[in-house]
file query-v5.cif (mmCIF, C-alpha atoms)
data_structure
loop_
_atom_site.label_atom_id
_atom_site.label_comp_id
_atom_site.auth_asym_id
_atom_site.auth_seq_id
_atom_site.Cartn_x
_atom_site.Cartn_y
_atom_site.Cartn_z
CA MET A 18 147.17 -15.80 -8.03
CA ALA A 19 143.63 -14.92 -7.00
CA GLU A 20 141.03 -17.65 -7.29
CA ASP A 21 139.13 -17.51 -10.57
CA VAL A 22 135.33 -17.65 -10.84
CA GLU A 23 135.34 -21.42 -11.34
CA ALA A 24 137.45 -22.10 -8.24
CA ARG A 25 135.46 -19.65 -6.10
CA SER A 26 132.17 -21.18 -7.26
CA LYS A 27 133.38 -24.71 -6.58
CA ARG A 28 134.61 -23.65 -3.14
CA ILE A 29 131.18 -22.24 -2.22
CA ILE A 30 129.35 -25.34 -3.48
CA ALA A 31 131.84 -27.68 -1.78
CA GLU A 32 131.47 -25.84 1.55
CA GLN A 33 127.69 -26.00 1.31
CA PHE A 34 127.62 -29.76 0.80
CA GLY A 35 130.71 -30.69 2.80
CA VAL A 36 132.61 -32.19 -0.14
CA ASP A 37 136.09 -31.71 -1.59
CA PRO A 38 136.06 -29.01 -4.35
CA GLU A 39 138.21 -31.31 -6.47
CA GLU A 40 135.41 -33.85 -6.55
CA LEU A 41 133.17 -31.35 -8.36
CA THR A 42 133.04 -31.39 -12.15
CA TYR A 43 130.96 -29.38 -14.63
CA GLU A 44 128.59 -32.33 -14.80
CA THR A 45 128.03 -32.71 -11.03
CA HIS A 46 124.27 -32.42 -10.52
CA LEU A 47 123.18 -30.34 -7.53
CA VAL A 48 120.14 -32.45 -6.70
CA ARG A 49 121.06 -35.93 -7.94
CA ASP A 50 124.72 -35.93 -6.84
CA LEU A 51 124.83 -33.42 -3.99
CA LEU A 52 121.28 -34.03 -2.68
CA MET A 53 120.43 -30.33 -2.66
CA GLU A 54 117.31 -29.44 -0.64
CA SER A 55 115.34 -26.20 -0.82
CA LEU A 56 117.19 -24.74 2.16
CA ASP A 57 120.55 -25.52 0.50
CA LYS A 58 119.33 -23.67 -2.57
CA ILE A 59 118.52 -20.52 -0.61
CA GLU A 60 121.82 -20.70 1.27
CA LEU A 61 123.73 -21.14 -1.98
CA ILE A 62 122.02 -18.17 -3.63
CA ALA A 63 122.82 -16.00 -0.57
CA ALA A 64 126.45 -17.23 -0.53
CA PHE A 65 126.94 -16.51 -4.26
CA GLU A 66 125.38 -13.06 -3.89
CA GLU A 67 127.77 -12.32 -1.03
CA GLU A 68 130.89 -13.73 -2.72
CA PHE A 69 130.37 -12.00 -6.08
CA ASP A 70 128.32 -8.97 -4.98
CA LEU A 71 125.44 -9.93 -7.28
CA GLU A 72 121.66 -9.96 -7.15
CA ILE A 73 120.44 -13.44 -8.07
CA PRO A 74 116.69 -13.89 -8.62
CA GLU A 75 115.38 -17.30 -7.56
CA GLU A 76 113.79 -17.80 -10.99
CA GLU A 77 117.21 -17.52 -12.64
CA ALA A 78 118.93 -19.73 -10.05
CA GLU A 79 116.32 -22.42 -10.70
CA GLN A 80 117.63 -22.86 -14.27
CA ASN A 81 121.06 -23.99 -13.04
CA VAL A 82 121.10 -27.63 -12.04
CA THR A 83 124.73 -28.60 -12.56
CA VAL A 84 127.98 -27.14 -11.18
CA GLY A 85 128.95 -26.16 -14.75
CA GLN A 86 125.69 -24.29 -15.29
CA VAL A 87 126.20 -22.41 -12.03
CA ILE A 88 129.74 -21.38 -13.03
CA GLU A 89 128.65 -20.23 -16.49
CA TYR A 90 125.70 -18.34 -15.01
CA ILE A 91 127.96 -16.49 -12.56
CA LYS A 92 130.45 -15.64 -15.33
CA LYS A 93 127.60 -14.24 -17.44
CA LYS A 94 126.19 -12.21 -14.54
CA LEU A 95 129.64 -10.79 -13.77
CA SER A 96 130.32 -9.78 -17.36
CA SER A 97 126.93 -8.08 -17.70
CA LYS A 98 127.59 -6.29 -14.40
CA GLU A 99 130.95 -5.04 -15.70
CA ALA A 100 129.28 -3.86 -18.92
CA THR A 101 126.89 -1.58 -17.01
CA MET B 9 84.77 -25.22 -1.62
CA ILE B 10 87.03 -27.30 -3.83
CA VAL B 11 90.43 -28.50 -2.62
CA LYS B 12 92.95 -27.75 -5.36
CA GLY B 13 96.19 -28.67 -3.64
CA VAL B 14 97.90 -29.75 -0.45
CA GLY B 15 101.46 -29.28 0.72
CA VAL B 16 103.47 -30.37 3.74
CA ASP B 17 106.98 -29.60 4.95
CA ILE B 18 109.24 -30.56 7.84
CA ILE B 19 112.64 -29.26 8.89
CA SER B 20 115.18 -29.76 11.64
CA ILE B 21 115.20 -26.62 13.79
CA GLU B 22 118.93 -27.07 14.46
CA ARG B 23 119.61 -27.30 10.71
CA PHE B 24 117.63 -24.13 10.13
CA LYS B 25 119.49 -22.36 12.92
CA ARG B 26 122.83 -23.24 11.30
CA SER B 27 121.59 -21.79 7.99
CA VAL B 28 120.60 -18.53 9.69
CA GLU B 29 123.93 -18.30 11.50
CA ARG B 30 125.81 -18.96 8.28
CA GLY B 31 123.71 -16.84 5.94
CA GLY B 32 122.97 -13.93 8.27
CA ARG B 33 120.64 -11.07 7.46
CA LYS B 34 120.78 -11.66 3.69
CA PHE B 35 119.55 -15.23 4.12
CA LEU B 36 116.76 -14.15 6.49
CA GLU B 37 115.60 -11.33 4.23
CA ARG B 38 115.37 -13.65 1.25
CA ILE B 39 112.83 -15.77 3.13
CA PHE B 40 111.04 -13.52 5.62
CA THR B 41 109.39 -10.10 5.75
CA LYS B 42 110.65 -7.49 8.18
CA GLU B 43 107.58 -8.08 10.36
CA GLU B 44 108.17 -11.85 10.47
CA ILE B 45 111.81 -11.35 11.45
CA GLU B 46 110.87 -8.85 14.17
CA TYR B 47 108.19 -11.15 15.57
CA CYS B 48 110.43 -14.24 15.69
CA PHE B 49 113.33 -12.36 17.26
CA SER B 50 111.01 -10.94 19.92
CA MET B 51 110.71 -14.53 21.22
CA GLY B 52 113.14 -16.04 23.72
CA ASP B 53 114.28 -18.57 21.10
CA PRO B 54 113.51 -17.33 17.57
CA TYR B 55 114.52 -20.52 15.75
CA PRO B 56 111.43 -22.74 16.26
CA HIS B 57 109.34 -19.77 15.07
CA LEU B 58 111.53 -19.08 12.05
CA ALA B 59 111.71 -22.77 11.12
CA GLY B 60 107.93 -23.14 11.49
CA ARG B 61 107.32 -20.19 9.21
CA PHE B 62 109.80 -21.50 6.68
CA CYS B 63 107.87 -24.79 6.65
CA VAL B 64 104.60 -22.94 6.09
CA LYS B 65 106.09 -21.12 3.10
CA GLU B 66 107.42 -24.35 1.62
CA ALA B 67 104.10 -26.11 2.24
CA VAL B 68 102.26 -23.26 0.49
CA LEU B 69 104.55 -23.54 -2.54
CA LYS B 70 103.90 -27.28 -2.66
CA SER B 71 100.14 -26.74 -2.46
CA LEU B 72 100.47 -24.39 -5.46
CA GLY B 73 102.49 -27.02 -7.33
CA LEU B 74 105.57 -24.77 -7.32
CA GLY B 75 109.13 -24.94 -6.03
CA ILE B 76 111.58 -22.22 -5.07
CA GLY B 77 112.14 -20.16 -8.20
CA GLY B 78 108.74 -21.15 -9.57
CA GLY B 79 107.50 -17.57 -9.69
CA VAL B 80 106.25 -17.05 -6.13
CA LYS B 81 108.82 -15.59 -3.74
CA LEU B 82 109.07 -16.95 -0.20
CA ARG B 83 109.00 -13.38 1.15
CA ASP B 84 105.64 -12.83 -0.53
CA ILE B 85 104.10 -15.68 1.49
CA GLU B 86 103.82 -13.78 4.76
CA VAL B 87 102.84 -15.82 7.81
CA CYS B 88 100.71 -13.85 10.28
CA LEU B 89 98.82 -14.86 13.43
CA ASP B 90 95.19 -14.00 14.14
CA LYS B 91 94.07 -12.96 17.62
CA CYS B 92 93.63 -16.64 18.60
CA GLY B 93 97.23 -17.34 17.55
CA ARG B 94 96.16 -19.21 14.42
CA PRO B 95 98.45 -18.71 11.42
CA TYR B 96 97.14 -17.31 8.17
CA ILE B 97 98.76 -16.18 4.95
CA ASN B 98 99.05 -12.56 3.93
CA ALA B 99 99.53 -12.85 0.15
CA ARG B 100 101.95 -10.21 -1.06
CA GLY B 101 103.39 -9.36 -4.48
CA SER B 102 104.01 -12.51 -6.50
CA LEU B 103 101.68 -14.68 -4.37
CA ARG B 104 98.87 -12.15 -4.62
CA GLY B 105 99.27 -12.17 -8.41
CA PHE B 106 99.09 -15.97 -8.44
CA MET B 107 96.01 -16.05 -6.20
CA ASP B 108 94.23 -13.35 -8.20
CA LYS B 109 94.41 -15.62 -11.23
CA MET B 110 92.62 -18.29 -9.19
CA ALA B 111 89.66 -15.93 -8.51
CA GLY B 112 88.60 -16.70 -4.96
CA GLY B 113 91.36 -19.11 -4.03
CA HIS B 114 92.30 -19.41 -0.37
CA ILE B 115 95.15 -21.12 1.50
CA PHE B 116 94.62 -22.65 4.93
CA VAL B 117 97.78 -23.36 6.94
CA SER B 118 98.83 -24.90 10.21
CA MET B 119 102.24 -25.30 11.83
CA SER B 120 103.73 -27.01 14.83
CA HIS B 121 107.08 -27.91 16.31
CA SER B 122 108.69 -30.27 18.77
CA GLU B 123 112.09 -29.74 20.36
CA ASP B 124 113.85 -30.87 17.17
CA TYR B 125 111.53 -30.38 14.21
CA ALA B 126 109.11 -27.84 12.78
CA VAL B 127 106.29 -28.96 10.50
CA ALA B 128 103.55 -27.26 8.50
CA VAL B 129 100.69 -28.10 6.18
CA ALA B 130 98.91 -25.96 3.59
CA ILE B 131 95.60 -26.58 1.83
CA LEU B 132 94.76 -24.62 -1.29
CA THR B 133 91.07 -24.22 -2.07
CA GLU B 134 89.10 -22.67 -4.84
CA ARG B 135 85.66 -21.33 -4.08
CA ASP B 136 82.85 -23.27 -5.72
CA ARG B 137 81.04 -20.95 -8.17
CA LYS B 138 77.70 -21.92 -6.58
CA GLU B 139 78.93 -20.47 -3.26
CA GLY B 140 79.07 -17.06 -4.98
#
call {"tool": "encode", "arguments": {"input": "query-v5.cif", "output": "structure tokens"}}
result
Amino acid sequence: MAEDVEARSKRIIAEQFGVDPEELTYETHLVRDLLMESLDKIELIAAFEEEFDLEIPEEEAEQNVTVGQVIEYIKKKLSSKEAT
Amino acid sequence: MIVKGVGVDIISIERFKRSVERGGRKFLERIFTKEEIEYCFSMGDPYPHLAGRFCVKEAVLKSLGLGIGGGVKLRDIEVCLDKCGRPYINARGSLRGFMDKMAGGHIFVSMSHSEDYAVAVAILTERDRKEG
């Protein structure tokens, strides 16, 4: 079965920070737990845009501070993309 | 002239190089203008130049009291060089809008690098009304 959005999102985040995807939960905080720096943030946005073929404005990305928020944001972007 | 803000940033050039190699053109275009990319890649080793410019952009955001996603895009903070080789900021789009609100604001920047690290500082000033 193809990876779902949650698994793909966790894989991208895990690769960025060099952690095991299974260690990531919805509550994992990008800055507090994964020590995200500004460069990580830009890399992550670019990686998510590439993986899901989306345009992600930095202002919107800024709102997502946990792994769960990122996953829900991507799901929302994908469903609004399908609707258009 | 009144100093309104100061920002500083430092980055490992090797770390930045890895990001560019991993993120490719999309990553570069999120941060830099076409002219910045062309200039840096006209150098023997583009990475100290790219990393230095990235530091300038981050330092400028800090001097404005903003982070990434705070309303000013990194691409709109264009780093140019004057004829003496001194860097200055060409405010584009979102940065121009921000500076216009400050009526007379100016950003002074400087950057440097060693073999391993690039560093930059930005000073945001607002013109004193008495200066006219």
call {"tool": "resolve_selection", "arguments": {"input": "query-v5.cif", "expression": "the PyMOL selection byres ((chain A) within 12 of (chain B))", "output": "PyMOL selection string"}}
result
chain A and resi 32-33+54-68+70+72-81
call {"tool": "residues_around", "arguments": {"input": "query-v5.cif", "residues": "Asp84 in chain B", "least_positions_apart": "2", "cutoff": "8 Å", "atoms": "all atoms listed in the file", "output": "MDAnalysis selection string"}}
result
chainID B and resid 41 80:82 86 98:104
call {"tool": "write_last_selection", "arguments": {"input": "query-v5.cif", "atoms": "C-alpha atoms", "output": "compact mmCIF listing (two decimals), keeping the file's coordinate frame"}}
result
# COMPACT_ATOMS: atom_id res chain seq x y z
CA THR B 41 109.39 -10.10 5.75
CA VAL B 80 106.25 -17.05 -6.13
CA LYS B 81 108.82 -15.59 -3.74
CA LEU B 82 109.07 -16.95 -0.20
CA GLU B 86 103.82 -13.78 4.76
CA ASN B 98 99.05 -12.56 3.93
CA ALA B 99 99.53 -12.85 0.15
CA ARG B 100 101.95 -10.21 -1.06
CA GLY B 101 103.39 -9.36 -4.48
CA SER B 102 104.01 -12.51 -6.50
CA LEU B 103 101.68 -14.68 -4.37
CA ARG B 104 98.87 -12.15 -4.62
call {"tool": "resolve_selection", "arguments": {"input": "query-v5.cif", "expression": "the PyMOL selection byres ((chain B and resi 120-122) around 9)", "output": "JSON, numbers by chain"}}
result
{"B": [21, 56, 57, 59, 60, 118, 119, 123, 124, 125, 126, 127, 128]}
call {"tool": "residues_around", "arguments": {"input": "query-v5.cif", "residues": "range 21-25 of chain A", "least_positions_apart": "4", "cutoff": "12 Å", "atoms": "all atoms listed in the file", "output": "ChimeraX atom specification"}}
result
/A:29-32,37-39,41-43,64-65,67-69,84-96
call {"tool": "atom_distance", "arguments": {"input": "query-v5.cif", "atom1": "CA of Lys109 in chain B", "atom2": "CA of Gly73 in chain B"}}
result
14.5 Å
call {"tool": "atom_distance", "arguments": {"input": "query-v5.cif", "atom1": "CA of Asp50 in chain A", "atom2": "CA of Leu69 in chain B"}}
result
24.1 Å
call {"tool": "atom_distance", "arguments": {"input": "query-v5.cif", "atom1": "CA of Ser71 in chain B", "atom2": "CA of Ala130 in chain B"}}
result
6.2 Å
call {"tool": "closest_residue", "arguments": {"input": "query-v5.cif", "among": "B:Leu58, B:Ile85, B:Val16, B:Ala67", "to": "Gly105 in chain B", "atoms": "all atoms listed in the file"}}
result
B:Ile85
call {"tool": "resolve_selection", "arguments": {"input": "query-v5.cif", "expression": "the PyMOL selection byres ((chain B and resi 92-96) around 8)", "output": "list in words"}}
result
Val87, Cys88, Leu89, Asp90, Lys91, Ile97, Asn98, Ile115, Phe116, Val117, Ser118 and Met119 of chain B
call {"tool": "closest_residue", "arguments": {"input": "query-v5.cif", "among": "B:Val11, B:Gly52, B:Leu72, B:Thr133", "to": "Phe106 in chain B", "atoms": "all atoms listed in the file"}}
result
B:Leu72
call {"tool": "build_atoms", "arguments": {"input": "query-v5.cif", "residues": "range 68-88 of chain B", "atoms": "N, CA and C atoms", "output": "mmCIF file, keeping the file's coordinate frame"}}
result
data_model
loop_
_atom_site.group_PDB
_atom_site.id
_atom_site.type_symbol
_atom_site.label_atom_id
_atom_site.label_comp_id
_atom_site.auth_asym_id
_atom_site.auth_seq_id
_atom_site.Cartn_x
_atom_site.Cartn_y
_atom_site.Cartn_z
ATOM 1 N N VAL B 68 103.114 -24.046 1.397
ATOM 2 C CA VAL B 68 102.260 -23.260 0.490
ATOM 3 C C VAL B 68 102.732 -23.440 -0.954
ATOM 4 N N LEU B 69 104.043 -23.347 -1.174
ATOM 5 C CA LEU B 69 104.550 -23.540 -2.540
ATOM 6 C C LEU B 69 104.149 -24.917 -3.073
ATOM 7 N N LYS B 70 104.271 -25.924 -2.224
ATOM 8 C CA LYS B 70 103.900 -27.280 -2.660
ATOM 9 C C LYS B 70 102.415 -27.362 -2.986
ATOM 10 N N SER B 71 101.580 -26.695 -2.185
ATOM 11 C CA SER B 71 100.140 -26.740 -2.460
ATOM 12 C C SER B 71 99.816 -26.054 -3.792
ATOM 13 N N LEU B 72 100.663 -25.096 -4.183
ATOM 14 C CA LEU B 72 100.470 -24.390 -5.460
ATOM 15 C C LEU B 72 101.094 -25.169 -6.625
ATOM 16 N N GLY B 73 101.809 -26.240 -6.289
ATOM 17 C CA GLY B 73 102.490 -27.020 -7.330
ATOM 18 C C GLY B 73 103.760 -26.332 -7.810
ATOM 19 N N LEU B 74 104.364 -25.511 -6.942
ATOM 20 C CA LEU B 74 105.570 -24.770 -7.320
ATOM 21 C C LEU B 74 106.736 -25.142 -6.416
ATOM 22 N N GLY B 75 107.950 -24.817 -6.888
ATOM 23 C CA GLY B 75 109.130 -24.940 -6.030
ATOM 24 C C GLY B 75 109.729 -23.560 -5.857
ATOM 25 N N ILE B 76 110.881 -23.500 -5.190
ATOM 26 C CA ILE B 76 111.580 -22.220 -5.070
ATOM 27 C C ILE B 76 112.050 -21.828 -6.464
ATOM 28 N N GLY B 77 111.784 -20.587 -6.847
ATOM 29 C CA GLY B 77 112.140 -20.160 -8.200
ATOM 30 C C GLY B 77 111.020 -20.401 -9.192
ATOM 31 N N GLY B 78 109.877 -20.852 -8.699
ATOM 32 C CA GLY B 78 108.740 -21.150 -9.570
ATOM 33 C C GLY B 78 107.847 -19.953 -9.841
ATOM 34 N N GLY B 79 108.265 -18.783 -9.384
ATOM 35 C CA GLY B 79 107.500 -17.570 -9.690
ATOM 36 C C GLY B 79 106.880 -16.913 -8.472
ATOM 37 N N VAL B 80 106.757 -17.656 -7.359
ATOM 38 C CA VAL B 80 106.250 -17.050 -6.130
ATOM 39 C C VAL B 80 107.399 -16.979 -5.131
ATOM 40 N N LYS B 81 107.692 -15.779 -4.667
ATOM 41 C CA LYS B 81 108.820 -15.590 -3.740
ATOM 42 C C LYS B 81 108.415 -15.955 -2.311
ATOM 43 N N LEU B 82 109.351 -16.565 -1.594
ATOM 44 C CA LEU B 82 109.070 -16.950 -0.200
ATOM 45 C C LEU B 82 108.665 -15.728 0.640
ATOM 46 N N ARG B 83 109.311 -14.612 0.394
ATOM 47 C CA ARG B 83 109.000 -13.380 1.150
ATOM 48 C C ARG B 83 107.574 -12.907 0.926
ATOM 49 N N ASP B 84 107.012 -13.269 -0.224
ATOM 50 C CA ASP B 84 105.640 -12.830 -0.530
ATOM 51 C C ASP B 84 104.588 -13.724 0.109
ATOM 52 N N ILE B 85 105.022 -14.814 0.736
ATOM 53 C CA ILE B 85 104.100 -15.680 1.490
ATOM 54 C C ILE B 85 104.281 -15.305 2.955
ATOM 55 N N GLU B 86 103.599 -14.261 3.386
ATOM 56 C CA GLU B 86 103.820 -13.780 4.760
ATOM 57 C C GLU B 86 102.943 -14.559 5.737
ATOM 58 N N VAL B 87 103.578 -15.065 6.791
ATOM 59 C CA VAL B 87 102.840 -15.820 7.810
ATOM 60 C C VAL B 87 102.484 -14.872 8.960
ATOM 61 N N CYS B 88 101.188 -14.713 9.198
ATOM 62 C CA CYS B 88 100.710 -13.850 10.280
ATOM 63 C C CYS B 88 99.916 -14.715 11.258
#
